[in-house]
$ cat run16.txt   # compact mmCIF, C-alpha atoms
# COMPACT_ATOMS: atom_id res chain seq x y z
CA ARG A 134 29.13 -26.18 5.62
CA TYR A 135 25.56 -26.12 6.90
CA PHE A 136 25.74 -22.37 7.47
CA TRP A 137 26.94 -21.63 3.95
CA SER A 138 24.39 -23.99 2.41
CA GLN A 139 21.61 -22.20 4.28
CA LEU A 140 22.96 -18.79 3.27
CA TYR A 141 23.15 -19.86 -0.38
CA SER A 142 19.61 -21.23 -0.20
CA SER A 143 18.38 -17.97 1.31
CA GLN A 144 20.07 -15.93 -1.43
CA GLN A 145 18.59 -18.15 -4.12
CA THR A 146 15.12 -17.76 -2.62
CA GLN A 147 15.46 -13.99 -2.52
CA THR A 148 16.65 -13.93 -6.12
CA GLN A 149 13.79 -16.14 -7.28
CA THR A 150 11.28 -14.01 -5.37
CA GLN A 151 12.67 -10.85 -6.93
CA VAL A 152 12.40 -12.31 -10.43
CA ALA A 153 8.83 -13.40 -9.79
CA TYR A 154 7.87 -9.95 -8.53
CA GLU A 155 9.34 -8.19 -11.56
CA THR A 156 7.00 -9.84 -14.05
CA ASP A 157 3.73 -8.22 -15.07
CA ILE A 158 2.28 -11.38 -16.64
CA PRO A 159 -1.12 -12.16 -15.08
CA LEU A 160 -1.41 -15.29 -12.97
CA VAL A 161 -4.64 -17.29 -12.71
CA PHE A 162 -5.13 -19.85 -9.94
CA VAL A 163 -7.36 -22.84 -10.79
CA PRO A 164 -8.28 -25.09 -7.84
CA GLY A 165 -8.99 -28.78 -8.02
CA MET A 166 -12.11 -30.89 -7.68
CA LYS A 167 -14.20 -29.88 -4.65
CA GLY A 168 -12.07 -26.74 -4.31
CA SER A 169 -14.92 -24.34 -5.14
CA HIS A 170 -17.95 -23.64 -2.98
CA LEU A 171 -21.37 -24.64 -4.35
CA SER A 172 -24.37 -22.64 -3.19
CA PHE A 173 -28.06 -22.07 -3.66
CA PRO A 174 -28.35 -18.45 -4.88
CA GLN A 175 -30.39 -16.32 -2.50
CA THR A 176 -31.70 -13.34 -4.46
CA ASP A 177 -35.00 -12.86 -2.66
CA THR A 178 -35.68 -9.46 -1.18
CA ASN A 179 -38.18 -8.11 1.32
CA ASN A 180 -40.15 -6.70 -1.59
CA PRO A 181 -39.30 -8.34 -4.95
CA THR A 182 -41.33 -5.77 -6.88
CA ASN A 183 -39.40 -2.86 -5.42
CA THR A 184 -36.96 -1.47 -7.99
CA ASN A 185 -35.31 0.93 -5.57
CA THR A 186 -31.83 -0.53 -5.09
CA ASN A 187 -31.38 1.40 -1.84
CA GLN A 188 -34.21 -0.63 -0.30
CA THR A 189 -33.15 -3.95 -1.79
CA LYS A 190 -31.18 -6.26 0.48
CA LYS A 191 -29.46 -9.23 -1.13
CA LYS A 192 -29.37 -12.34 1.01
CA LYS A 193 -26.22 -14.37 1.46
CA ASN A 194 -26.02 -17.51 -0.68
CA LYS A 195 -26.77 -20.75 1.14
CA ARG A 196 -23.69 -22.90 0.80
CA VAL A 197 -24.01 -26.64 0.42
CA TRP A 198 -20.35 -27.33 -0.29
CA LEU A 199 -18.17 -26.77 1.59
CA THR A 200 -19.59 -26.46 5.08
CA LEU A 201 -18.45 -28.36 8.13
CA GLY A 202 -22.02 -29.51 8.85
CA ASN A 203 -22.47 -31.01 5.40
CA LEU A 204 -18.98 -32.48 5.43
CA ILE A 205 -19.62 -34.53 8.58
CA ASN A 206 -23.39 -34.78 7.92
CA PHE A 207 -24.48 -33.16 11.17
CA PRO A 208 -27.28 -33.06 11.99
CA PRO A 209 -27.74 -36.37 10.10
CA LYS A 210 -29.63 -36.13 6.81
CA PRO A 211 -30.17 -38.66 3.99
CA SER A 212 -28.00 -38.41 0.90
CA ASP A 213 -30.89 -37.21 -1.26
CA TYR A 214 -31.95 -34.47 1.16
CA PRO A 215 -32.38 -31.31 -0.99
CA GLU A 216 -29.95 -29.22 1.04
CA ARG A 217 -27.32 -31.98 1.13
CA SER A 218 -27.47 -33.59 -2.30
CA LEU A 219 -25.00 -32.26 -4.87
CA ALA A 220 -26.28 -34.48 -7.67
CA LEU A 221 -26.70 -32.93 -11.10
CA PRO A 222 -30.11 -33.31 -12.76
CA LEU A 223 -30.35 -36.20 -15.22
CA THR A 224 -31.89 -33.96 -17.87
CA TYR A 225 -30.34 -32.44 -20.97
CA SER A 226 -31.06 -29.37 -23.07
CA PRO A 227 -29.71 -28.05 -26.40
CA SER A 228 -26.46 -26.14 -26.01
CA SER A 229 -26.87 -22.37 -26.14
CA SER A 230 -23.54 -22.11 -27.99
CA ALA A 231 -25.14 -23.83 -30.99
CA ALA A 232 -28.24 -21.66 -31.24
CA ASN A 233 -28.00 -21.32 -35.02
CA ALA A 234 -27.67 -25.05 -35.63
CA THR A 235 -30.57 -27.22 -36.74
CA SER A 236 -32.38 -29.38 -34.21
CA ASP A 237 -30.53 -32.44 -35.48
CA GLU A 238 -27.14 -30.74 -35.09
CA GLN A 239 -27.56 -29.16 -31.67
CA PRO A 240 -25.53 -30.98 -29.00
CA LEU A 241 -27.24 -31.71 -25.72
CA VAL A 242 -25.74 -30.44 -22.48
CA GLN A 243 -26.62 -31.67 -19.02
CA ASP A 244 -28.74 -29.16 -17.13
CA ARG A 245 -27.00 -27.29 -14.35
CA GLY A 246 -29.60 -27.44 -11.63
CA PRO A 247 -29.93 -24.85 -8.86
CA LEU A 248 -26.38 -24.90 -7.49
CA VAL A 249 -23.77 -22.38 -8.62
CA ALA A 250 -20.04 -21.92 -7.98
CA ASP A 251 -19.54 -19.50 -5.10
CA GLY A 252 -15.86 -18.79 -4.56
CA ILE A 253 -12.70 -20.70 -3.70
CA VAL A 254 -12.72 -22.94 -0.61
CA ASN A 255 -10.06 -21.16 1.40
CA HIS A 256 -10.88 -22.81 4.73
CA ILE A 257 -13.10 -25.72 5.69
CA LEU A 258 -14.50 -23.75 8.61
CA GLU A 259 -15.35 -20.13 7.77
CA LEU A 260 -17.30 -18.33 10.50
CA GLY A 261 -17.15 -14.87 8.96
CA LYS A 262 -15.37 -11.66 10.01
CA GLY A 263 -12.00 -13.26 9.30
CA ILE A 264 -12.54 -16.19 11.68
CA GLU A 265 -11.32 -19.20 9.71
CA TYR A 266 -9.94 -22.63 10.54
CA LEU A 267 -8.57 -25.68 8.73
CA PRO A 268 -6.94 -24.24 5.56
CA PHE A 269 -7.98 -25.70 2.23
CA TYR A 270 -6.66 -23.32 -0.43
CA GLY A 271 -6.27 -20.38 1.92
CA HIS A 272 -2.51 -20.83 2.15
CA VAL A 273 -2.36 -20.40 -1.65
CA THR A 274 -4.77 -17.52 -2.18
CA SER A 275 -3.21 -15.56 0.69
CA HIS A 276 -0.01 -15.34 -1.34
CA LEU A 277 -1.75 -14.10 -4.49
CA SER A 278 -3.16 -10.76 -3.38
CA PRO A 279 0.16 -9.22 -2.14
CA GLN A 280 1.82 -9.77 -5.50
CA PRO A 281 2.23 -6.69 -7.71
CA ARG A 282 1.46 -8.79 -10.79
CA PRO A 283 -2.23 -9.14 -11.75
CA THR A 284 -3.81 -12.26 -10.23
CA SER A 285 -7.21 -13.93 -10.46
CA THR A 286 -8.87 -17.06 -9.12
CA PHE A 287 -11.25 -19.23 -11.13
CA ASP A 288 -14.01 -20.91 -9.16
CA TYR A 289 -16.16 -23.41 -11.02
CA ASP A 290 -18.77 -26.14 -10.71
CA TRP A 291 -16.44 -29.14 -10.53
CA ARG A 292 -19.33 -31.55 -11.21
CA ARG A 293 -19.45 -30.49 -14.86
CA SER A 294 -17.63 -32.20 -17.75
CA LEU A 295 -13.98 -31.40 -18.47
CA PRO A 296 -14.60 -30.03 -22.00
CA GLU A 297 -17.28 -27.69 -20.67
CA LEU A 298 -15.13 -26.48 -17.80
CA THR A 299 -12.16 -25.97 -20.12
CA ASN A 300 -14.27 -23.63 -22.26
CA ASP A 301 -15.50 -21.84 -19.13
CA LEU A 302 -11.93 -21.31 -17.92
CA HIS A 303 -10.78 -19.92 -21.26
CA THR A 304 -13.80 -17.59 -21.41
CA PHE A 305 -13.07 -16.37 -17.88
CA ILE A 306 -9.43 -15.65 -18.73
CA LEU A 307 -10.35 -13.81 -21.94
CA THR A 308 -12.79 -11.68 -19.95
CA GLN A 309 -10.19 -10.85 -17.30
CA TYR A 310 -7.26 -10.40 -19.69
CA PRO A 311 -8.56 -9.79 -23.23
CA GLY A 312 -6.63 -9.55 -26.45
CA PRO A 313 -3.13 -10.93 -26.97
CA GLN A 314 -2.15 -10.54 -23.32
CA PRO A 315 -0.34 -13.78 -22.37
CA VAL A 316 -1.40 -15.47 -19.13
CA GLN A 317 0.27 -17.91 -16.77
CA ILE A 318 -1.73 -20.49 -14.81
CA LEU A 319 -1.20 -22.08 -11.40
CA ALA A 320 -3.40 -25.17 -11.05
CA HIS A 321 -4.02 -28.07 -8.72
CA SER A 322 -5.49 -31.52 -9.41
CA MET A 323 -8.53 -31.28 -11.69
CA GLY A 324 -7.59 -27.68 -12.49
CA GLY A 325 -4.40 -29.03 -14.04
CA LEU A 326 -6.42 -31.12 -16.50
CA LEU A 327 -8.27 -28.01 -17.66
CA THR A 328 -4.99 -26.13 -17.91
CA TYR A 329 -3.29 -28.88 -19.90
CA GLU A 330 -6.04 -28.72 -22.53
CA LEU A 331 -5.79 -24.93 -22.76
CA LEU A 332 -2.04 -25.12 -23.30
CA LYS A 333 -2.63 -27.43 -26.26
CA ARG A 334 -5.49 -25.39 -27.75
CA TYR A 335 -4.12 -21.87 -27.33
CA PRO A 336 -0.32 -22.04 -27.03
CA GLU A 337 0.18 -18.34 -27.77
CA LYS A 338 -2.27 -17.13 -25.10
CA TYR A 339 -0.64 -19.36 -22.49
CA SER A 340 2.94 -19.07 -23.74
CA PRO A 341 4.27 -18.23 -20.22
CA GLY A 342 3.37 -21.80 -19.31
CA ALA A 343 1.81 -23.22 -16.18
CA VAL A 344 2.66 -24.72 -12.83
CA VAL A 345 0.50 -27.75 -12.07
CA VAL A 346 0.51 -29.80 -8.86
CA GLY A 347 -1.06 -33.16 -8.10
CA VAL A 348 -2.72 -33.60 -11.50
CA PRO A 349 -4.44 -36.98 -12.04
CA PHE A 350 -3.04 -37.74 -15.49
CA GLY A 351 -3.67 -41.40 -14.72
CA THR A 352 -7.06 -42.85 -13.87
CA GLY A 353 -9.01 -44.29 -10.96
CA ILE A 354 -12.38 -45.51 -9.73
CA GLN A 355 -13.18 -43.53 -6.59
CA TYR A 356 -13.88 -40.34 -8.52
CA LEU A 357 -16.94 -41.95 -10.16
CA GLN A 358 -18.75 -41.92 -6.81
CA ASP A 359 -17.68 -38.32 -6.29
CA LEU A 360 -19.10 -37.26 -9.64
CA HIS A 361 -22.34 -39.15 -9.07
CA ARG A 362 -23.07 -38.20 -5.47
CA GLY A 363 -21.06 -35.03 -5.22
CA TYR A 364 -19.18 -35.91 -2.03

$ encode --input "run16.txt" --output "structure tokens"
Amino acid sequence: RYFWSQLYSSQQTQTQTQVAYETDIPLVFVPGMKGSHLSFPQTDTNNPTNTNTNQTKKKKNKRVWLTLGNLINFPPKPSDYPERSLALPLTYSPSSSAANATSDEQPLVQDRGPLVADGIVNHILELGKGIEYLPFYGHVTSHLSPQPRPTSTFDYDWRRSLPELTNDLHTFILTQYPGPQPVQILAHSMGGLLTYELLKRYPEKYSPGAVVVGVPFGTGIQYLQDLHRGY
């Protein structure tokens, strides 16, 4: 009985895999909170006034999240240390999306600060040249690239508000797959909240549906510290 159950399970898996591989519907992976790197952009060059691109060398972004040193705070640094703090600035500016509105109508949006999203956190320890340890989302993204269907990953600044990030995700998807092309989403945790809102707003664009895992549809307290301090 065990043998036949395993054989049936194997056949079912092969059938499901075959069906998944036959679709040409794009798949977008949206990670959860803290699942995207945050970095200080490093755009300085040896000679900033030099317009010759052959002599311009772009420096690698300085990551603040996620690095093993910042995760365990080694060497020890205070929470407000510039290269450790992930706090957003407590300043607000008029939204650029409402440029034609009057001053009284323009909504204010919290300023972004110097940090930018810098890719999916595939591994907690990434030493370069393929040397990686402690998988984060690496076990997910490694299965995306071999698929014949179009796939994309959406990295984002998870400190921002949910409505803002929802708009950013939809804009990203429209840029990657414009027009009426339907899109399917695979999302985890906070990414599922963004996805849920998109499914309600644009049901035709996301008619293939979504797979969401570990989505906090309830509520809690601990996340308030995360949003305030960034870790």

$ atom_distance --input "run16.txt" --atom1 "CA of Leu258 (chain A)" --atom2 "CA of Gly271 (chain A)"
11.1 Å

$ closest_residue --input "run16.txt" --among "A:Ser229, A:Thr200, A:Asn300, A:Ser275" --to "Glu330 (chain A)" --atoms "all atoms listed in the file"
A:Asn300

$ atom_distance --input "run16.txt" --atom1 "CA of Glu337 (chain A)" --atom2 "CA of Ile253 (chain A)"
27.4 Å

$ residues_around --input "run16.txt" --residues "region 290-294 of chain A" --least-positions-apart "3" --cutoff "9 Å" --atoms "all atoms listed in the file" --output "count of residues only"
24

$ residues_around --input "run16.txt" --residues "region 259-263 of chain A" --least-positions-apart "3" --cutoff "9 Å" --atoms "only C-alpha atoms" --output "list in words"
Thr200, Leu201, Asn255, His256, Tyr266 and Leu267 of chain A

$ closest_residue --input "run16.txt" --among "A:Gly252, A:Ser340, A:Lys333, A:Ser172" --to "Glu216 (chain A)" --atoms "only C-alpha atoms"
A:Ser172

$ closest_residue --input "run16.txt" --among "A:Tyr335, A:Thr308, A:Thr328, A:Thr284" --to "Pro159 (chain A)" --atoms "all atoms listed in the file"
A:Thr284
